[in-house]
$ cat start27.txt   # compact mmCIF, C-alpha atoms
# COMPACT_ATOMS: atom_id res chain seq x y z
CA MET A 1 4.77 -22.97 -8.07
CA LEU A 2 1.68 -23.21 -5.87
CA ILE A 3 3.68 -24.60 -2.96
CA ASN A 4 5.75 -21.41 -2.97
CA PHE A 5 2.51 -19.42 -3.26
CA PHE A 6 1.21 -21.19 -0.13
CA TYR A 7 4.37 -20.30 1.79
CA ALA A 8 4.16 -16.71 0.52
CA LEU A 9 0.69 -16.42 2.07
CA ARG A 10 1.94 -17.88 5.33
CA SER A 11 4.84 -15.41 5.31
CA ALA A 12 2.28 -12.63 5.00
CA ARG A 13 0.73 -13.90 8.27
CA LEU A 14 -2.38 -15.25 6.61
CA PRO A 15 -3.87 -18.20 8.56
CA VAL A 16 -4.03 -20.55 5.55
CA THR A 17 -3.95 -24.27 6.28
CA ILE A 18 -2.89 -27.39 4.39
CA PRO A 19 -6.49 -28.73 4.02
CA GLU A 20 -7.50 -25.41 2.44
CA TYR A 21 -4.49 -25.59 0.12
CA LEU A 22 -5.46 -29.15 -0.88
CA SER A 23 -9.00 -27.91 -1.60
CA LEU A 24 -7.53 -25.32 -3.96
CA LEU A 25 -5.49 -27.97 -5.78
CA GLU A 26 -8.53 -30.23 -6.07
CA ALA A 27 -10.61 -27.40 -7.54
CA ILE A 28 -7.90 -26.72 -10.13
CA LYS A 29 -7.68 -30.45 -10.93
CA GLN A 30 -11.44 -30.56 -11.51
CA GLU A 31 -11.10 -27.59 -13.91
CA VAL A 32 -13.44 -25.39 -11.89
CA ILE A 33 -11.75 -22.38 -13.49
CA GLY A 34 -10.19 -21.67 -16.85
CA PRO A 35 -6.60 -20.58 -17.57
CA SER A 36 -7.12 -17.07 -16.18
CA VAL A 37 -5.21 -15.24 -13.47
CA ASP A 38 -8.37 -13.35 -12.51
CA GLU A 39 -10.34 -16.58 -12.04
CA PHE A 40 -7.47 -18.13 -10.07
CA TYR A 41 -7.39 -15.07 -7.80
CA HIS A 42 -11.08 -15.44 -6.91
CA LEU A 43 -10.83 -19.21 -6.47
CA ALA A 44 -7.74 -18.91 -4.25
CA ARG A 45 -9.32 -16.22 -2.11
CA MET A 46 -12.53 -18.24 -1.74
CA THR A 47 -10.76 -21.44 -0.71
CA LEU A 48 -7.88 -20.04 1.36
CA VAL A 49 -9.34 -16.98 3.12
CA LYS A 50 -12.14 -17.57 5.61
CA ASN A 51 -12.35 -14.10 7.14
CA GLU A 52 -13.04 -10.89 5.20
CA ALA A 53 -10.68 -9.00 7.51
CA HIS A 54 -7.82 -10.85 5.75
CA PHE A 55 -8.83 -9.89 2.20
CA ASP A 56 -6.48 -6.92 2.11
CA LYS A 57 -3.51 -9.00 3.31
CA PHE A 58 -4.35 -11.65 0.70
CA ASP A 59 -4.50 -9.05 -2.08
CA ARG A 60 -1.12 -7.64 -1.13
CA ALA A 61 0.48 -11.08 -0.91
CA PHE A 62 -1.13 -12.21 -4.18
CA GLY A 63 0.00 -9.08 -6.00
CA SER A 64 3.52 -9.41 -4.62
CA TYR A 65 3.82 -13.06 -5.64
CA PHE A 66 2.20 -12.75 -9.08
CA ASN A 67 4.00 -9.54 -9.94
CA GLY A 68 2.40 -7.57 -12.73
CA VAL A 69 -1.17 -8.88 -12.46
CA SER A 70 -3.43 -6.29 -14.07
CA ALA A 71 -6.51 -4.86 -12.42
CA LEU A 72 -9.98 -6.07 -13.35
CA ASP A 73 -11.78 -4.21 -16.12
CA LEU A 74 -14.82 -2.64 -14.51
CA GLY A 75 -16.44 -1.83 -17.83
CA LYS A 76 -17.12 1.77 -18.77
CA GLU A 77 -19.65 3.25 -21.13
CA ILE A 78 -17.01 5.49 -22.73
CA PRO A 79 -14.87 3.43 -25.17
CA LEU A 80 -11.47 2.63 -23.65
CA GLU A 81 -9.62 3.38 -26.89
CA TRP A 82 -10.57 7.02 -26.41
CA LEU A 83 -8.77 7.04 -23.10
CA ARG A 84 -5.51 5.20 -23.74
CA LYS A 85 -2.57 6.99 -22.24
CA HIS A 86 -0.09 8.32 -24.80
CA LEU A 87 1.19 11.34 -22.89
CA GLU A 88 0.70 13.17 -19.63
CA ARG A 89 0.16 16.89 -19.93
CA ASP A 90 1.81 19.09 -17.28
CA LEU A 91 1.24 22.81 -17.46
CA SER A 92 3.34 25.48 -15.82
CA PRO A 93 1.72 27.56 -13.05
CA GLN A 94 1.39 30.42 -15.53
CA GLU A 95 -0.37 28.21 -18.08
CA ARG A 96 -2.70 26.76 -15.46
CA ALA A 97 -3.63 30.26 -14.32
CA LYS A 98 -4.81 31.08 -17.87
CA ILE A 99 -7.31 28.21 -17.88
CA GLU A 100 -10.61 29.24 -16.35
CA ALA A 101 -12.14 26.51 -14.20
CA MET A 102 -15.81 25.89 -14.95
CA GLY A 103 -18.46 26.20 -12.27
CA TRP A 104 -20.27 23.05 -11.14
CA ASP A 105 -23.45 23.49 -13.18
CA GLN A 106 -21.54 24.52 -16.30
CA LEU A 107 -19.16 21.56 -15.93
CA MET A 108 -21.94 18.97 -15.66
CA GLU A 109 -23.98 20.48 -18.49
CA ARG A 110 -20.92 20.54 -20.76
CA LEU A 111 -20.15 16.86 -20.03
CA LYS A 112 -23.73 15.89 -20.90
CA GLN A 113 -23.45 17.84 -24.16
CA LEU A 114 -20.14 16.19 -25.11
CA MET A 115 -21.49 12.70 -24.38
CA ASP A 116 -24.22 13.38 -26.96
CA GLU A 117 -21.91 14.96 -29.56
CA GLN A 118 -18.59 13.07 -29.39
CA LYS A 119 -18.30 9.97 -31.62
CA GLU A 120 -14.58 9.13 -31.60
CA ARG A 121 -11.42 9.11 -29.52
CA HIS A 122 -9.61 12.42 -29.00
CA GLU A 123 -6.12 13.26 -27.78
CA GLY A 124 -4.84 16.66 -26.70
CA GLY A 125 -6.78 19.89 -27.16
CA ASN A 126 -9.10 21.72 -24.78
CA LYS A 127 -12.61 20.66 -25.77
CA TRP A 128 -13.42 16.95 -26.10
CA ILE A 129 -13.31 13.98 -23.72
CA GLY A 130 -9.81 12.61 -24.27
CA THR A 131 -6.25 12.21 -23.08
CA GLY A 132 -3.34 14.53 -22.51
CA GLY A 133 -5.06 17.85 -23.14
CA THR A 134 -6.40 20.75 -21.10
CA SER A 135 -10.07 19.75 -21.39
CA PRO A 136 -11.88 19.30 -18.05
CA PHE A 137 -12.93 15.79 -19.17
CA GLY A 138 -10.70 12.73 -19.62
CA ALA A 139 -7.39 11.29 -18.52
CA TYR A 140 -3.75 12.31 -18.02
CA GLY A 141 -4.30 15.94 -18.96
CA ASP A 142 -4.06 19.10 -16.89
CA ASN A 143 -6.98 21.26 -15.81
CA PRO A 144 -7.59 23.15 -12.55
CA ALA A 145 -10.90 21.32 -11.95
CA GLY A 146 -12.56 18.66 -14.05
CA ILE A 147 -14.03 15.15 -14.27
CA ARG A 148 -11.51 12.28 -14.32
CA ILE A 149 -12.41 9.51 -16.77
CA GLY A 150 -10.42 6.32 -17.46
CA GLN A 151 -7.32 7.20 -15.44
CA ASP A 152 -5.85 4.55 -13.14
CA ARG A 153 -4.85 6.94 -10.35
CA SER A 154 -4.92 10.58 -9.34
CA ARG A 155 -2.13 12.87 -10.54
CA LYS A 156 -3.07 16.45 -9.62
CA ARG A 157 -5.90 15.68 -7.17
CA SER A 158 -7.98 18.44 -8.71
CA ALA A 159 -10.90 16.37 -10.10
CA VAL A 160 -14.30 17.34 -8.73
CA LYS A 161 -15.82 14.04 -9.88
CA VAL A 162 -14.46 10.60 -10.86
CA TRP A 163 -16.33 8.76 -13.62
CA ASP A 164 -14.91 5.30 -12.92
CA GLN A 165 -16.02 2.87 -10.21
CA ARG A 166 -13.16 2.35 -7.74
CA GLU A 167 -12.39 -0.45 -5.33
CA PHE A 168 -11.38 0.37 -1.75
CA LYS A 169 -9.82 -1.88 0.90
CA ASP A 170 -10.98 -2.35 4.49
CA TYR A 171 -8.57 -1.04 7.09
CA ASP A 172 -6.72 -3.91 8.76
CA ASP A 173 -7.58 -4.02 12.46
CA THR A 174 -4.81 -6.53 13.29
CA ILE A 175 -1.80 -4.34 12.48
CA GLU A 176 0.98 -4.97 15.02
CA LEU A 177 1.88 -1.65 16.62
CA ASP A 178 5.53 -0.73 17.00
CA THR A 179 4.79 1.08 20.25
CA ARG A 180 2.03 1.34 22.82
CA ASN A 181 1.88 5.12 22.51
CA ILE A 182 -1.33 5.23 20.47
CA LYS A 183 -3.09 2.95 22.95
CA VAL A 184 -1.88 5.10 25.83
CA ALA A 185 -3.23 8.22 24.10
CA LEU A 186 -6.63 6.59 23.53
CA ARG A 187 -6.79 5.53 27.19
CA ARG A 188 -7.39 9.14 28.14
CA LEU A 189 -10.95 8.44 27.01
CA ARG A 190 -11.90 6.14 29.88
CA LYS A 191 -14.97 5.60 32.02
CA PHE A 192 -14.66 2.40 34.02
CA ALA A 193 -17.58 0.32 35.27
CA ARG A 194 -17.77 -3.14 36.79
CA GLN A 195 -19.62 -5.52 34.48
CA GLY A 196 -20.28 -9.24 34.16
CA ALA A 197 -19.77 -12.08 36.62
CA ALA A 198 -17.81 -11.66 39.86
CA GLU A 199 -14.39 -12.88 38.73
CA GLU A 200 -11.94 -10.45 40.33
CA LEU A 201 -10.69 -10.56 43.95
CA ASP A 202 -11.85 -7.64 46.09
CA LEU A 203 -8.86 -7.52 48.44
CA ASP A 204 -10.06 -4.74 50.79
CA HIS A 205 -13.46 -6.31 51.40
CA THR A 206 -11.91 -9.78 51.74
CA ILE A 207 -9.66 -8.49 54.56
CA GLN A 208 -12.58 -6.77 56.31
CA ALA A 209 -14.85 -9.82 55.99
CA THR A 210 -12.12 -12.19 57.24
CA ALA A 211 -11.45 -9.98 60.28
CA ALA A 212 -15.16 -9.81 61.06
CA ASN A 213 -15.33 -13.60 60.76
CA ALA A 214 -12.83 -14.17 63.61
CA GLY A 215 -9.96 -14.76 61.19
CA LEU A 216 -11.68 -17.37 59.06
CA LEU A 217 -11.01 -16.62 55.40
CA ASP A 218 -14.03 -15.01 53.72
CA ILE A 219 -13.20 -14.28 50.06
CA LYS A 220 -15.11 -11.48 48.33
CA MET A 221 -15.26 -11.18 44.53
CA VAL A 222 -16.36 -8.36 42.27
CA PRO A 223 -16.93 -8.06 38.48
CA GLU A 224 -13.99 -6.95 36.37
CA ARG A 225 -13.64 -3.28 35.51
CA HIS A 226 -14.11 -2.41 31.84
CA ASN A 227 -13.89 0.81 29.90
CA ASN A 228 -17.56 1.65 29.46
CA VAL A 229 -17.05 4.39 26.85
CA LYS A 230 -19.06 3.96 23.62
CA VAL A 231 -17.34 5.05 20.41
CA LEU A 232 -18.75 5.54 16.91
CA LEU A 233 -15.84 5.62 14.44
CA LEU A 234 -16.44 6.95 10.90
CA MET A 235 -13.43 6.51 8.59
CA ASP A 236 -12.68 8.01 5.19
CA VAL A 237 -11.25 5.45 2.77
CA GLY A 238 -9.80 5.53 -0.76
CA GLY A 239 -8.48 8.37 -2.91
CA THR A 240 -6.13 10.68 -1.02
CA MET A 241 -6.53 8.53 2.10
CA ASP A 242 -4.38 5.87 0.40
CA ASP A 243 -1.38 7.96 1.53
CA HIS A 244 -2.34 7.44 5.17
CA VAL A 245 -3.43 3.78 5.29
CA HIS A 246 -0.68 2.66 7.70
CA LYS A 247 -1.31 5.42 10.25
CA VAL A 248 -5.08 4.89 10.18
CA GLU A 249 -4.67 1.12 10.51
CA GLU A 250 -2.52 1.64 13.60
CA MET A 251 -5.17 3.86 15.14
CA PHE A 252 -7.99 1.48 14.15
CA SER A 253 -6.15 -1.51 15.63
CA ALA A 254 -5.49 0.38 18.89
CA ALA A 255 -9.11 1.56 19.11
CA LYS A 256 -10.49 -1.97 18.70
CA SER A 257 -8.34 -3.21 21.56
CA GLU A 258 -9.10 -0.26 23.87
CA PHE A 259 -12.85 0.24 23.43
CA LYS A 260 -15.21 -2.62 24.17
CA HIS A 261 -18.15 -0.69 22.70
CA LEU A 262 -16.81 0.33 19.28
CA GLU A 263 -18.92 0.66 16.13
CA PHE A 264 -17.30 1.66 12.83
CA TYR A 265 -18.38 2.62 9.31
CA TYR A 266 -16.64 3.81 6.15
CA PHE A 267 -17.30 6.79 3.89
CA HIS A 268 -15.42 8.33 0.97
CA ASN A 269 -14.23 11.96 1.22
CA CYS A 270 -17.42 13.29 2.85
CA VAL A 271 -20.37 11.73 4.63
CA TYR A 272 -23.55 11.51 2.55
CA ASP A 273 -26.82 9.59 2.80
CA PHE A 274 -25.21 6.14 3.20
CA MET A 275 -22.09 4.48 4.61
CA TRP A 276 -20.83 0.89 4.68
CA GLN A 277 -18.89 -1.57 6.86
CA HIS A 278 -17.21 -3.72 4.20
CA ASN A 279 -15.46 -2.05 1.27
CA GLN A 280 -15.75 -5.21 -0.81
CA ARG A 281 -19.55 -4.84 -0.61
CA ARG A 282 -19.97 -1.09 -0.38
CA TYR A 283 -22.43 -0.94 -3.29
CA SER A 284 -24.51 -3.98 -2.34
CA GLU A 285 -24.67 -3.38 1.42
CA LYS A 286 -25.29 0.34 1.83
CA ILE A 287 -26.26 1.46 5.33
CA PRO A 288 -28.44 4.61 5.33
CA THR A 289 -26.95 7.37 7.44
CA TRP A 290 -30.42 7.98 8.87
CA ASP A 291 -30.33 4.43 10.29
CA ILE A 292 -27.01 5.15 12.00
CA LEU A 293 -28.39 8.37 13.46
CA ARG A 294 -31.39 6.48 14.85
CA LYS A 295 -29.47 3.43 16.08
CA TYR A 296 -26.92 5.13 18.34
CA ASN A 297 -27.79 7.61 21.07
CA LYS A 298 -25.90 10.68 22.20
CA ASP A 299 -23.92 8.64 24.76
CA TYR A 300 -21.63 7.59 21.89
CA LYS A 301 -18.45 9.57 21.27
CA LEU A 302 -18.26 10.32 17.53
CA ILE A 303 -14.80 10.22 15.92
CA PHE A 304 -14.37 11.09 12.24
CA VAL A 305 -11.07 10.01 10.66
CA GLY A 306 -10.27 11.61 7.31
CA ASP A 307 -7.91 14.00 5.56
CA ALA A 308 -10.81 16.34 4.60
CA THR A 309 -9.04 16.84 1.28
CA MET A 310 -11.56 17.11 -1.54
CA SER A 311 -13.28 19.53 -3.84
CA PRO A 312 -15.42 22.08 -1.95
CA TYR A 313 -18.27 20.96 -4.23
CA GLU A 314 -18.28 17.60 -2.40
CA ILE A 315 -19.15 19.40 0.83
CA LEU A 316 -21.42 22.19 -0.35
CA GLN A 317 -23.08 21.08 -3.59
CA PRO A 318 -25.95 18.60 -4.18
CA GLY A 319 -24.54 16.06 -6.65
CA GLY A 320 -21.04 17.05 -5.59
CA SER A 321 -19.89 13.54 -4.65
CA THR A 322 -17.16 12.24 -6.93
CA GLU A 323 -19.00 8.92 -7.28
CA TYR A 324 -22.73 9.52 -7.54
CA ASN A 325 -25.36 12.26 -7.59
CA ASN A 326 -26.13 12.87 -3.93
CA GLU A 327 -29.41 14.67 -3.32
CA GLU A 328 -28.15 16.63 -0.31
CA PRO A 329 -24.71 18.19 0.19
CA GLY A 330 -22.25 16.57 2.59
CA ALA A 331 -22.43 19.60 4.88
CA GLU A 332 -26.05 18.73 5.72
CA TRP A 333 -25.11 15.21 6.83
CA ILE A 334 -22.11 16.31 8.87
CA GLY A 335 -24.34 18.88 10.54
CA ARG A 336 -26.86 16.18 11.47
CA LEU A 337 -24.16 13.92 12.88
CA VAL A 338 -22.49 16.53 15.08
CA HIS A 339 -25.90 17.65 16.33
CA ALA A 340 -26.87 14.06 17.21
CA PHE A 341 -23.52 13.35 18.92
CA PRO A 342 -22.45 16.41 20.95
CA HIS A 343 -19.17 14.71 21.91
CA HIS A 344 -17.36 14.58 18.57
CA VAL A 345 -13.94 15.19 17.04
CA TRP A 346 -12.34 14.95 13.60
CA ILE A 347 -8.89 13.27 13.37
CA ASN A 348 -6.93 14.41 10.33
CA PRO A 349 -3.85 12.42 9.17
CA GLU A 350 -2.62 15.32 7.01
CA PRO A 351 0.20 17.43 8.56
CA GLN A 352 -1.34 20.32 10.45
CA GLY A 353 0.95 22.80 8.69
CA ILE A 354 -0.93 22.43 5.38
CA TRP A 355 -4.46 22.69 6.76
CA GLY A 356 -4.64 26.41 6.12
CA TYR A 357 -3.90 25.94 2.41
CA ARG A 358 -6.88 23.68 1.66
CA GLN A 359 -10.35 25.16 1.42
CA SER A 360 -12.08 21.84 2.10
CA ILE A 361 -10.23 21.38 5.40
CA ALA A 362 -11.32 24.83 6.52
CA LEU A 363 -14.93 23.97 5.63
CA ILE A 364 -14.85 20.71 7.61
CA GLN A 365 -13.24 22.46 10.58
CA GLN A 366 -16.10 24.94 10.56
CA LEU A 367 -18.73 22.18 10.35
CA VAL A 368 -17.30 20.30 13.36
CA GLY A 369 -16.94 23.45 15.42
CA GLY A 370 -13.14 23.59 15.23
CA ARG A 371 -12.82 20.12 16.81
CA MET A 372 -10.17 18.90 14.37
CA PHE A 373 -6.96 17.30 15.61
CA PRO A 374 -3.93 15.86 13.77
CA LEU A 375 -3.33 12.10 13.76
CA SER A 376 -0.33 12.37 16.06
CA LEU A 377 0.20 11.34 19.67
CA GLN A 378 -0.26 14.90 20.85
CA GLY A 379 -3.31 15.33 18.63
CA LEU A 380 -4.91 12.11 19.86
CA GLU A 381 -4.34 13.07 23.48
CA GLY A 382 -5.99 16.45 22.86
CA ALA A 383 -8.93 14.82 21.12
CA MET A 384 -9.44 12.28 23.91
CA ARG A 385 -9.31 15.00 26.56
CA LEU A 386 -12.02 16.93 24.74
CA LEU A 387 -14.21 13.86 24.32
CA SER A 388 -13.87 12.93 28.00
CA LYS A 389 -15.29 16.26 29.22

$ encode --input "start27.txt" --output "structure tokens"
Amino acid sequence: MLINFFYALRSARLPVTIPEYLSLLEAIKQEVIGPSVDEFYHLARMTLVKNEAHFDKFDRAFGSYFNGVSALDLGKEIPLEWLRKHLERDLSPQERAKIEAMGWDQLMERLKQLMDEQKERHEGGNKWIGTGGTSPFGAYGDNPAGIRIGQDRSRKRSAVKVWDQREFKDYDDTIELDTRNIKVALRRLRKFARQGAAEELDLDHTIQATAANAGLLDIKMVPERHNNVKVLLLMDVGGTMDDHVHKVEEMFSAAKSEFKHLEFYYFHNCVYDFMWQHNQRRYSEKIPTWDILRKYNKDYKLIFVGDATMSPYEILQPGGSTEYNNEEPGAEWIGRLVHAFPHHVWINPEPQGIWGYRQSIALIQQLVGGRMFPLSLQGLEGAMRLLSK
């Protein structure tokens, strides 16, 4: 079975080798792990994958080969038996209109009250933390705006906060592009300079020097020309961005090949007081946004990549993040970033035709001074033209 697993990883273009495969077999022989799929996953990744950039490819190949492997239990303070899925509630537009969405302060205060009062699992209804009802708290129900708890994925995308810790994947920067169009669009942002050792033939000066030297060959060399543009790339990851992973990976791969001076960081939904560079370690290796603001000067071109699709609370409200209680609203941090980097744009992978129907997109557009472009060839060309001015 493991031989086929090895070939499955190779088919997924993972650079696994026979010595690494033999190390995995030896570890299993020495009973380093118990009879657990989860433990085998971590052992296989540790022995076979030597570069974190390949973790996402490994996860996809592993999941495809061992079909049906369940996700890790992250452990939640609310008992899981309260949240088991027995039904999914779907209300009609008329029924949804009758349910009054709570304001932010009221919603958080009510959750705190229920956490103190509730002692058992609840299903249906409109009050308690449970499943399948119209309460703003729980899983697989239907409410215009609430707190999602114990649900494996989004259904209505109307939650203003998510109780559970989620795992995100790094964007793959080695995606093979079907065309060169994205690279061509990014090349509009160019500022060439000659850098490094003299390794390139300067034909014009060679001809002039040879002529001046009575025909004796006098070769002149110059440093190679490189795109000297500096780019700071901030990318939204997870949640609704899962729908756009392939398009963003194509852009990320093209950007890494086109820009020699490229720095990148991840955020989720909106920028707050910290970002990260590795999604596997986003809680243990937080990078303060203040440090990023201090590290890079205004010569950098700032490019946000995100669908800007979220609750308005995440942009305007302290504590509005779906994942933790941020002290300052996201709007404050976006304002600081666009002030520090005058040359900035926001690339949105959502179709431009729906932008006008989402309040959060309108808010982000306002914060970046209308510099939002779709993630299309035409949009990228427009963004690069603006950044090059």

$ atom_distance --input "start27.txt" --atom1 "atom CA of Gln359 of chain A" --atom2 "atom CA of Met241 of chain A"
17.1 Å

$ residues_near_point --input "start27.txt" --point "(-9.5, -17.7, -3.9)" --cutoff "12 Å" --atoms "only C-alpha atoms" --output "ChimeraX atom specification"
/A:6,9,16,20-21,23-25,27-28,32-33,37-52,54-55,58-59,62

$ residues_near_point --input "start27.txt" --point "(-26.4, 12.2, 14.7)" --cutoff "10 Å" --atoms "all atoms listed in the file" --output "list of chain:residue names"
A:Thr289, A:Trp290, A:Asp291, A:Ile292, A:Leu293, A:Arg294, A:Lys295, A:Tyr296, A:Asn297, A:Lys298, A:Tyr300, A:Leu302, A:Trp333, A:Ile334, A:Gly335, A:Arg336, A:Leu337, A:Val338, A:His339, A:Ala340, A:Phe341, A:Pro342

$ closest_residue --input "start27.txt" --among "A:Pro312, A:Val245, A:Ile182, A:Thr240" --to "Ser257 of chain A" --atoms "all atoms listed in the file"
A:Ile182

$ atom_distance --input "start27.txt" --atom1 "atom CA of Asn181 of chain A" --atom2 "atom CA of Ala254 of chain A"
9.5 Å

$ atom_distance --input "start27.txt" --atom1 "atom CA of Tyr357 of chain A" --atom2 "atom CA of Met275 of chain A"
28.2 Å
